[in-house]
Amino acid sequence: MVLELKKPRPIWEIIFSTHHTDIGLLYIIASMVALFAGGGLAMAIRAELFLPGLQVFSGQADFSRFFTVHGTTLLFLWLLPFASGVGNYLIPIMVRYKDMAWPKLNAVAFWIIPPCMFLVWGGFSDTTWNAYPPYSILKAPGPAADMWIVGLKLLGISSVLGAINFVVTILKMKHPDLPLMKMSLFSWAVLATSLMIIVAIPTFAASLIMLYTDRLGVTGFFNPEMGGDPIAYQHLFWFTFHPEVYIFVLPAIGMMYEIIPTFSRKPLFSYYSGVVALIVISIIGFGSWAHHMFAVGMSFTEKTVFMVGTLAAVPSSAMHVFNFLATMWGGRIKFAAPMLFSVGAILLFFSAGAGGVVNTAMPLDFLTHDSYWVVGHFHLFVMGTISLAFTGFIYYLFPLITGRMYDTRLAKVHFVLTFVGIAVIFGVQHILGLYGLPRRVVDYLPIPELIIMNQIASFGGWAIGASYAIFLYNMIKSAMFGKPANPKDPFELGTGVEYYYDYARRDPHH
Amino acid sequence: MGHSTPEWVFIGAVTAILIWVGAESWNVEHSLEYAPPNSETVRVVGQQWFWSFQHADGTQEINELHIKEGIPYRFEIVSNDVVHSFSIPDFAILMDAVPGRVNTVWNVFDEQGEYLIQCREYCGMLHQDMRARLFVEPNTDNATAVSSESEPTISQGSGTAIIIAPGGGEVGSTGSGTMRVVEPRNLTQAPANDSTAATNATDGNTTSSGNASSTASASGPTLSIPAGAATPGNPAYAPDTLTVTKGDVITVTNDDTAPHTVTNGATPGDADAGQLFDTSIMMPAATAQIDTATVEAGDHPFHCTVHPFMTGTLTVQ
């Protein structure tokens, strides 16, 4: 088995294992499959938008299916499972327990994900990832939309099971000698994320059932023809999915808290401010959901309340950025791939946050809403911040998982191409939005500015695609033939520094 | 927390910026919130996949909106089916059209010209083509402006306000694209229950069916749009190949619940699309007539501009 340098096991022993590192590995592999599948769809989308008119797709219907599955896959099958995977790998090590609290529940939570993947990809729904009614209940073709609903429903169950397991592991199975306030910030991030999942996901789970019975025609919760209110769905949806943004980003921040002090060879600037910021955001994050809905016809009071709620969430993100920069300040920084990706993620996190402040300023929201500005904005978050930090962490964990070292040269090429690609495509998309290009369109007006900017964006997108092809090659080749890494100090940061995770923890005990 | 001073300074600076952004937004938004009492009201109806506009004086326009410069307008935005979003990017106007709700937004248009109106909320198969044109006209009480604009027009667009009616959008040979407007053209529109007394188009610019009489429509060939035609895969036109003798007047009936057209050309992008015959938009239960006197003999494919997947062929002998 390529993934085990010492004492290789047959592959089914890994697949049917309930050991936390094995489940973690399965999560990470499944999420990376989703990353490449969903990214592949994005390449087709960029090819279509390279020119106005129709190139790749026969019309809006096929295009809608592509961007719906692209979004669903990358949000729910890449970001969430990857964070769970790394959590599985590291949380028991960090809280010094032999495994997760409930290993079998952990395996169940993972094995729910492949059927969801099958449902989402088998259906190829066209509802967009927010599935706003009445379109999704009256017009969206079945069984695609139904499969999408059931798939997301199951994913919600998987997330909640995983989250409960994390909370119990961290709070109850923590080693008695380890006080909460000495726990790593990554554990804090996973704890905050898991608590947010437990609070946020059930709302969407309920609204999915309501959506499904509405589709069947049994009920009319969101169907205006039966006295329902489509806006109610949007509230329920965003009550889950605005906190979900923080659910995605907090594990990434936790990973950056692991990487940045290590490669700066300097202690963290302020542990307390990191903990406080994580706790504050996980509470305030629930008070800003309706800023996605300023244009549905909200009253002035509602808009003001949610603008204030959104602005209030900004300082805690700024605290993280400050903490990262202050940690790096004066450190002997080694720019290995994990550090490069983390620094790139800080820069893009800052830009995305600044764009977010523009979005929530009420009058400006009406300029940017549902335009390409929004596409650029949230891709800066999910790709530029979260996926960059995650990718850096894959490099960081690579020696622990495989016992081998990745190709450092290719990793740097990967970083440069990805970072430039992200800055180009999503920066240009902000400007496209200001030119009034609506999102989710297969075709746009043949105006020279729009054509040129879309072509620049496509080149940026393809650069990201190419860099991730290099990444995939690097991962597969290095997992098979990479040179064995020093388990104590794989990144050669210094003599006598035993900072890295305990390699022996990977040996299954049951 | 020995080193907290720089952090507090930083957080203070960030918070100060946020408070400033919030206060400015509150000020601006507050001044925009309520329409002036003397505003003209225009009702905007979003529907898969076109916009219709109803002025206070009863005039109705489809995919075109003519308004006067310098007057406050208040738009009442509604939707007939799914959620749409009424957006005029050049004036930063954006408001969702939500079924079951009336949303309002207002603006004073201070510059004459032709602007783009688009749908910003994903609404299904032809979302990208759900565009309309806004004409801001000088504020002289010129009543003929509207009717002269509704002639069958093929005009060259340029600059930033090229609009292509449903289905268009290839890079035109001129590089700027051809603009075609879905507008009442050479056909009449009348309610179905009144078809025997069908009156001709009110704007007087009909070119071919001006003499169509009730007897002609009763005896001539008929073309119907069956219920369910708006769903791809269902029969689009009955019959989908219609053979007529030159000079016949075809009576078209829309039996579906969605609006449709019968427009010549295999796709909306065809160079001559809509030039030989075009019913323009027929609301559900409406009828229209096509006079084949001016159509040369041969096969003429036709389609629906609202649902370009609906196609058929007209053979004139």
# chains A, B, ... in the order shown; residues from 1 in each chain; ligands from 1
call {"tool": "interface_residues", "arguments": {"of": "chain B", "to": "chain A", "cutoff": "6 Å", "atoms": "only C-alpha atoms", "output": "PyMOL selection string"}}
result
chain B and resi 25+29+82+89+92+94-96+100+103+120+125+128+169-171
call {"tool": "atom_distance", "arguments": {"atom1": "atom CA of Thr243 of chain B", "atom2": "atom CA of His307 of chain B"}}
result
22.6 Å
call {"tool": "residues_around", "arguments": {"residues": "segment 224-240 of chain B", "least_positions_apart": "2", "cutoff": "7 Å", "atoms": "only C-alpha atoms", "output": "MDAnalysis selection string"}}
result
chainID B and resid 222 242 252:258 307 309:313
call {"tool": "write_last_selection", "arguments": {"atoms": "N, CA and C atoms", "output": "compact mmCIF listing (two decimals), in the first residue's frame"}}
result
# COMPACT_ATOMS: atom_id res chain seq x y z
N THR B 222 -55.22 26.51 -38.82
CA THR B 222 -55.00 26.90 -37.42
C THR B 222 -53.73 26.24 -36.91
N LEU B 242 -46.80 22.72 -40.54
CA LEU B 242 -48.07 23.26 -41.01
C LEU B 242 -47.91 23.63 -42.48
N VAL B 252 -53.48 31.50 -34.72
CA VAL B 252 -52.65 30.86 -33.70
C VAL B 252 -53.34 31.00 -32.35
N THR B 253 -53.45 29.90 -31.64
CA THR B 253 -54.08 29.93 -30.31
C THR B 253 -53.08 29.44 -29.28
N ASN B 254 -52.97 30.16 -28.21
CA ASN B 254 -52.09 29.74 -27.12
C ASN B 254 -52.92 29.06 -26.04
N ASP B 255 -52.88 27.73 -26.00
CA ASP B 255 -53.65 26.98 -25.00
C ASP B 255 -52.83 26.68 -23.75
N ASP B 256 -51.59 27.14 -23.74
CA ASP B 256 -50.71 26.83 -22.61
C ASP B 256 -50.92 27.89 -21.52
N THR B 257 -50.29 27.64 -20.38
CA THR B 257 -50.40 28.60 -19.29
C THR B 257 -49.24 29.58 -19.29
N ALA B 258 -48.31 29.43 -20.23
CA ALA B 258 -47.18 30.35 -20.31
C ALA B 258 -47.30 31.18 -21.57
N HIS B 307 -39.30 30.59 -25.46
CA HIS B 307 -38.80 29.23 -25.23
C HIS B 307 -38.20 28.73 -26.54
N PHE B 309 -36.51 26.41 -27.48
CA PHE B 309 -36.53 24.98 -27.79
C PHE B 309 -37.83 24.58 -28.48
N MET B 310 -38.83 25.44 -28.50
CA MET B 310 -40.08 25.16 -29.19
C MET B 310 -39.90 25.54 -30.66
N THR B 311 -39.95 24.56 -31.53
CA THR B 311 -39.76 24.86 -32.94
C THR B 311 -40.82 24.15 -33.78
N GLY B 312 -41.00 24.63 -34.99
CA GLY B 312 -41.92 24.02 -35.95
C GLY B 312 -41.57 24.53 -37.33
N THR B 313 -42.29 24.06 -38.31
CA THR B 313 -42.01 24.48 -39.69
C THR B 313 -43.31 24.87 -40.37
call {"tool": "closest_residue", "arguments": {"among": "B:Gln275, B:Asn264, B:Thr294, B:Thr41", "to": "Val249 of chain B", "atoms": "only C-alpha atoms"}}
result
B:Thr294
call {"tool": "residues_around", "arguments": {"residues": "His242 of chain A", "least_positions_apart": "2", "cutoff": "8 Å", "atoms": "only C-alpha atoms", "output": "NGL selection string"}}
result
:A and (238-240 or 244-246 or 285-286 or 288-289)
call {"tool": "residues_around", "arguments": {"residues": "segment 55-63 of chain B", "least_positions_apart": "2", "cutoff": "8 Å", "atoms": "only C-alpha atoms", "output": "list of chain:residue names"}}
result
B:Glu40, B:Thr41, B:Val42, B:Arg43, B:Phe50, B:Trp51, B:Ser52, B:Phe53, B:Leu65, B:Arg131, B:Ala132, B:Arg133, B:Val181, B:Val182, B:Glu183
call {"tool": "write_last_selection", "arguments": {"atoms": "N, CA and C atoms", "output": "mmCIF file, in the first residue's frame"}}
result
data_model
loop_
_atom_site.group_PDB
_atom_site.id
_atom_site.type_symbol
_atom_site.label_atom_id
_atom_site.label_comp_id
_atom_site.auth_asym_id
_atom_site.auth_seq_id
_atom_site.Cartn_x
_atom_site.Cartn_y
_atom_site.Cartn_z
ATOM 1 N N GLU B 40 -44.095 58.771 -10.019
ATOM 2 C CA GLU B 40 -44.926 58.007 -10.954
ATOM 3 C C GLU B 40 -44.741 56.537 -10.631
ATOM 4 N N THR B 41 -45.833 55.775 -10.629
ATOM 5 C CA THR B 41 -45.711 54.354 -10.311
ATOM 6 C C THR B 41 -45.690 53.530 -11.588
ATOM 7 N N VAL B 42 -44.734 52.615 -11.649
ATOM 8 C CA VAL B 42 -44.684 51.655 -12.747
ATOM 9 C C VAL B 42 -44.707 50.276 -12.125
ATOM 10 N N ARG B 43 -45.624 49.443 -12.614
ATOM 11 C CA ARG B 43 -45.681 48.080 -12.093
ATOM 12 C C ARG B 43 -44.795 47.199 -12.960
ATOM 13 N N PHE B 50 -39.398 37.028 -19.253
ATOM 14 C CA PHE B 50 -39.427 38.391 -19.783
ATOM 15 C C PHE B 50 -40.000 39.326 -18.730
ATOM 16 N N TRP B 51 -39.819 40.601 -18.980
ATOM 17 C CA TRP B 51 -40.342 41.626 -18.086
ATOM 18 C C TRP B 51 -41.505 42.323 -18.763
ATOM 19 N N SER B 52 -42.559 42.592 -17.992
ATOM 20 C CA SER B 52 -43.563 43.494 -18.551
ATOM 21 C C SER B 52 -43.774 44.654 -17.592
ATOM 22 N N PHE B 53 -44.109 45.794 -18.166
ATOM 23 C CA PHE B 53 -44.182 47.041 -17.409
ATOM 24 C C PHE B 53 -45.547 47.665 -17.635
ATOM 25 N N LEU B 65 -38.964 49.567 -21.529
ATOM 26 C CA LEU B 65 -39.553 50.487 -20.570
ATOM 27 C C LEU B 65 -39.157 51.891 -20.976
ATOM 28 N N ARG B 131 -33.668 39.793 -20.352
ATOM 29 C CA ARG B 131 -33.175 41.164 -20.366
ATOM 30 C C ARG B 131 -34.240 42.070 -20.978
ATOM 31 N N ALA B 132 -34.160 43.324 -20.647
ATOM 32 C CA ALA B 132 -35.076 44.290 -21.237
ATOM 33 C C ALA B 132 -34.310 45.584 -21.430
ATOM 34 N N ARG B 133 -34.951 46.532 -22.087
ATOM 35 C CA ARG B 133 -34.275 47.803 -22.327
ATOM 36 C C ARG B 133 -35.009 48.940 -21.639
ATOM 37 N N VAL B 181 -35.913 43.307 -30.747
ATOM 38 C CA VAL B 181 -36.769 43.582 -29.617
ATOM 39 C C VAL B 181 -38.048 42.797 -29.767
ATOM 40 N N VAL B 182 -38.438 42.178 -28.689
ATOM 41 C CA VAL B 182 -39.725 41.494 -28.730
ATOM 42 C C VAL B 182 -40.801 42.544 -28.530
ATOM 43 N N GLU B 183 -41.533 42.794 -29.523
ATOM 44 C CA GLU B 183 -42.490 43.897 -29.469
ATOM 45 C C GLU B 183 -43.675 43.514 -30.336
#
call {"tool": "closest_residue", "arguments": {"among": "A:Phe415, A:Trp148, A:Lys104, A:Lys172", "to": "Phe76 of chain A", "atoms": "only C-alpha atoms"}}
result
A:Trp148
call {"tool": "select_by_dssp", "arguments": {"residues": "segment 52-87 of chain A", "states": "helix (DSSP H, G or I)", "output": "PyMOL selection string"}}
result
chain A and resi 60-87
call {"tool": "residues_around", "arguments": {"residues": "Asn80 of chain B", "least_positions_apart": "3", "cutoff": "10 Å", "atoms": "only C-alpha atoms", "output": "compact mmCIF listing (two decimals) with N, CA, C and O atoms, in the first residue's frame"}}
result
# COMPACT_ATOMS: atom_id res chain seq x y z
N PRO A 224 -46.07 30.00 -2.97
CA PRO A 224 -47.02 31.12 -2.86
C PRO A 224 -48.41 30.78 -3.36
O PRO A 224 -49.38 31.36 -2.90
N VAL B 45 -43.57 43.45 -13.80
CA VAL B 45 -43.93 42.05 -13.60
C VAL B 45 -42.83 41.18 -14.19
O VAL B 45 -42.53 41.25 -15.38
N GLY B 46 -42.23 40.36 -13.35
CA GLY B 46 -41.24 39.40 -13.82
C GLY B 46 -41.91 38.07 -14.05
O GLY B 46 -42.76 37.65 -13.28
N GLN B 47 -41.55 37.44 -15.14
CA GLN B 47 -42.17 36.18 -15.51
C GLN B 47 -41.16 35.42 -16.34
O GLN B 47 -40.39 36.03 -17.07
N GLN B 48 -41.16 34.09 -16.24
CA GLN B 48 -40.20 33.32 -17.04
C GLN B 48 -40.49 33.57 -18.51
O GLN B 48 -41.55 33.17 -18.98
N VAL B 83 -38.80 33.40 -8.28
CA VAL B 83 -38.14 34.63 -7.84
C VAL B 83 -37.27 35.16 -8.98
O VAL B 83 -36.45 34.43 -9.54
N HIS B 84 -37.48 36.41 -9.33
CA HIS B 84 -36.60 37.10 -10.28
C HIS B 84 -35.98 38.27 -9.54
O HIS B 84 -36.34 38.57 -8.40
N ALA B 97 -38.02 40.25 -7.44
CA ALA B 97 -39.44 40.08 -7.72
C ALA B 97 -39.83 38.75 -7.11
O ALA B 97 -39.41 37.71 -7.59
N VAL B 98 -40.59 38.80 -6.03
CA VAL B 98 -40.92 37.59 -5.29
C VAL B 98 -42.41 37.32 -5.44
O VAL B 98 -43.22 38.21 -5.19
N PRO B 99 -42.78 36.11 -5.86
CA PRO B 99 -44.21 35.83 -5.99
C PRO B 99 -44.91 35.99 -4.63
O PRO B 99 -44.38 35.56 -3.61
N GLY B 100 -46.05 36.64 -4.66
CA GLY B 100 -46.78 36.84 -3.42
C GLY B 100 -46.39 38.09 -2.67
O GLY B 100 -46.90 38.35 -1.59
call {"tool": "residues_around", "arguments": {"residues": "segment 108-110 of chain B", "least_positions_apart": "3", "cutoff": "6 Å", "atoms": "only C-alpha atoms", "output": "PyMOL selection string"}}
result
chain B and resi 69-72
call {"tool": "atom_distance", "arguments": {"atom1": "atom CA of Asn486 of chain A", "atom2": "atom CA of Leu400 of chain A"}}
result
9.7 Å
call {"tool": "decode", "arguments": {"residues": "segment 267-305 of chain A", "atoms": "N, CA and C atoms", "output": "short mmCIF file (atom, residue, chain, number, x, y, z; two decimals), in the first residue's frame"}}
result
data_model
loop_
_atom_site.label_atom_id
_atom_site.label_comp_id
_atom_site.auth_asym_id
_atom_site.auth_seq_id
_atom_site.Cartn_x
_atom_site.Cartn_y
_atom_site.Cartn_z
N PRO A 267 7.04 31.42 19.27
CA PRO A 267 5.73 31.10 19.87
C PRO A 267 4.64 32.01 19.32
N LEU A 268 3.40 31.52 19.47
CA LEU A 268 2.24 32.29 19.00
C LEU A 268 2.20 33.64 19.71
N PHE A 269 1.77 34.69 19.01
CA PHE A 269 1.73 36.02 19.60
C PHE A 269 0.80 36.06 20.80
N SER A 270 -0.45 35.63 20.60
CA SER A 270 -1.38 35.66 21.74
C SER A 270 -2.36 34.51 21.64
N TYR A 271 -2.17 33.53 22.52
CA TYR A 271 -3.08 32.39 22.57
C TYR A 271 -4.47 32.84 22.96
N TYR A 272 -4.55 33.73 23.96
CA TYR A 272 -5.86 34.15 24.48
C TYR A 272 -6.68 34.84 23.41
N SER A 273 -6.02 35.72 22.66
CA SER A 273 -6.80 36.45 21.67
C SER A 273 -7.33 35.48 20.61
N GLY A 274 -6.53 34.42 20.30
CA GLY A 274 -7.03 33.42 19.36
C GLY A 274 -8.27 32.72 19.89
N VAL A 275 -8.23 32.31 21.16
CA VAL A 275 -9.38 31.61 21.75
C VAL A 275 -10.59 32.53 21.79
N VAL A 276 -10.36 33.77 22.25
CA VAL A 276 -11.48 34.71 22.36
C VAL A 276 -12.10 34.95 21.00
N ALA A 277 -11.24 35.15 19.99
CA ALA A 277 -11.78 35.43 18.66
C ALA A 277 -12.59 34.25 18.14
N LEU A 278 -12.13 33.03 18.39
CA LEU A 278 -12.88 31.85 17.93
C LEU A 278 -14.24 31.77 18.61
N ILE A 279 -14.26 32.02 19.93
CA ILE A 279 -15.54 31.91 20.64
C ILE A 279 -16.49 33.03 20.20
N VAL A 280 -15.93 34.24 20.09
CA VAL A 280 -16.79 35.37 19.72
C VAL A 280 -17.42 35.16 18.36
N ILE A 281 -16.61 34.72 17.38
CA ILE A 281 -17.17 34.57 16.03
C ILE A 281 -18.22 33.48 16.01
N SER A 282 -18.04 32.43 16.83
CA SER A 282 -19.01 31.34 16.76
C SER A 282 -20.34 31.76 17.37
N ILE A 283 -20.36 32.84 18.13
CA ILE A 283 -21.64 33.34 18.65
C ILE A 283 -22.19 34.43 17.73
N ILE A 284 -21.34 35.42 17.41
CA ILE A 284 -21.81 36.54 16.59
C ILE A 284 -22.16 36.07 15.18
N GLY A 285 -21.50 34.99 14.73
CA GLY A 285 -21.78 34.48 13.39
C GLY A 285 -23.24 34.15 13.16
N PHE A 286 -23.99 33.97 14.23
CA PHE A 286 -25.41 33.64 14.08
C PHE A 286 -26.29 34.88 13.94
N GLY A 287 -25.69 36.06 14.02
CA GLY A 287 -26.52 37.26 14.00
C GLY A 287 -26.45 38.03 12.71
N SER A 288 -26.04 37.40 11.62
CA SER A 288 -25.83 38.21 10.42
C SER A 288 -26.42 37.57 9.18
N TRP A 289 -27.23 36.51 9.32
CA TRP A 289 -27.57 35.73 8.13
C TRP A 289 -28.29 36.53 7.05
N ALA A 290 -29.15 37.46 7.45
CA ALA A 290 -30.01 38.06 6.42
C ALA A 290 -29.30 39.11 5.58
N HIS A 291 -27.99 39.29 5.78
CA HIS A 291 -27.32 40.22 4.86
C HIS A 291 -27.24 39.63 3.45
N HIS A 292 -27.58 38.36 3.30
CA HIS A 292 -27.67 37.78 1.96
C HIS A 292 -28.98 38.16 1.28
N MET A 293 -29.86 38.80 2.01
CA MET A 293 -31.24 38.95 1.54
C MET A 293 -31.71 40.40 1.52
N PHE A 294 -30.77 41.36 1.50
CA PHE A 294 -31.18 42.77 1.52
C PHE A 294 -32.15 43.07 0.38
N ALA A 295 -31.99 42.37 -0.75
CA ALA A 295 -32.78 42.73 -1.93
C ALA A 295 -34.11 42.00 -2.02
N VAL A 296 -34.50 41.22 -1.02
CA VAL A 296 -35.79 40.54 -1.15
C VAL A 296 -36.94 41.44 -0.71
N GLY A 297 -36.65 42.68 -0.35
CA GLY A 297 -37.71 43.57 0.07
C GLY A 297 -37.79 43.67 1.58
N MET A 298 -36.65 43.86 2.22
CA MET A 298 -36.64 43.97 3.68
C MET A 298 -36.88 45.40 4.10
N SER A 299 -37.38 45.54 5.32
CA SER A 299 -37.59 46.88 5.83
C SER A 299 -36.25 47.50 6.20
N PHE A 300 -36.27 48.81 6.38
CA PHE A 300 -35.04 49.51 6.71
C PHE A 300 -34.48 49.02 8.04
N THR A 301 -35.35 48.75 8.98
CA THR A 301 -34.89 48.27 10.30
C THR A 301 -34.18 46.94 10.17
N GLU A 302 -34.80 46.02 9.44
CA GLU A 302 -34.17 44.70 9.28
C GLU A 302 -32.79 44.84 8.66
N LYS A 303 -32.72 45.65 7.61
CA LYS A 303 -31.43 45.80 6.93
C LYS A 303 -30.39 46.36 7.90
N THR A 304 -30.80 47.35 8.69
CA THR A 304 -29.85 47.95 9.63
C THR A 304 -29.37 46.92 10.64
N VAL A 305 -30.31 46.15 11.19
CA VAL A 305 -29.94 45.16 12.20
C VAL A 305 -28.91 44.18 11.64
#
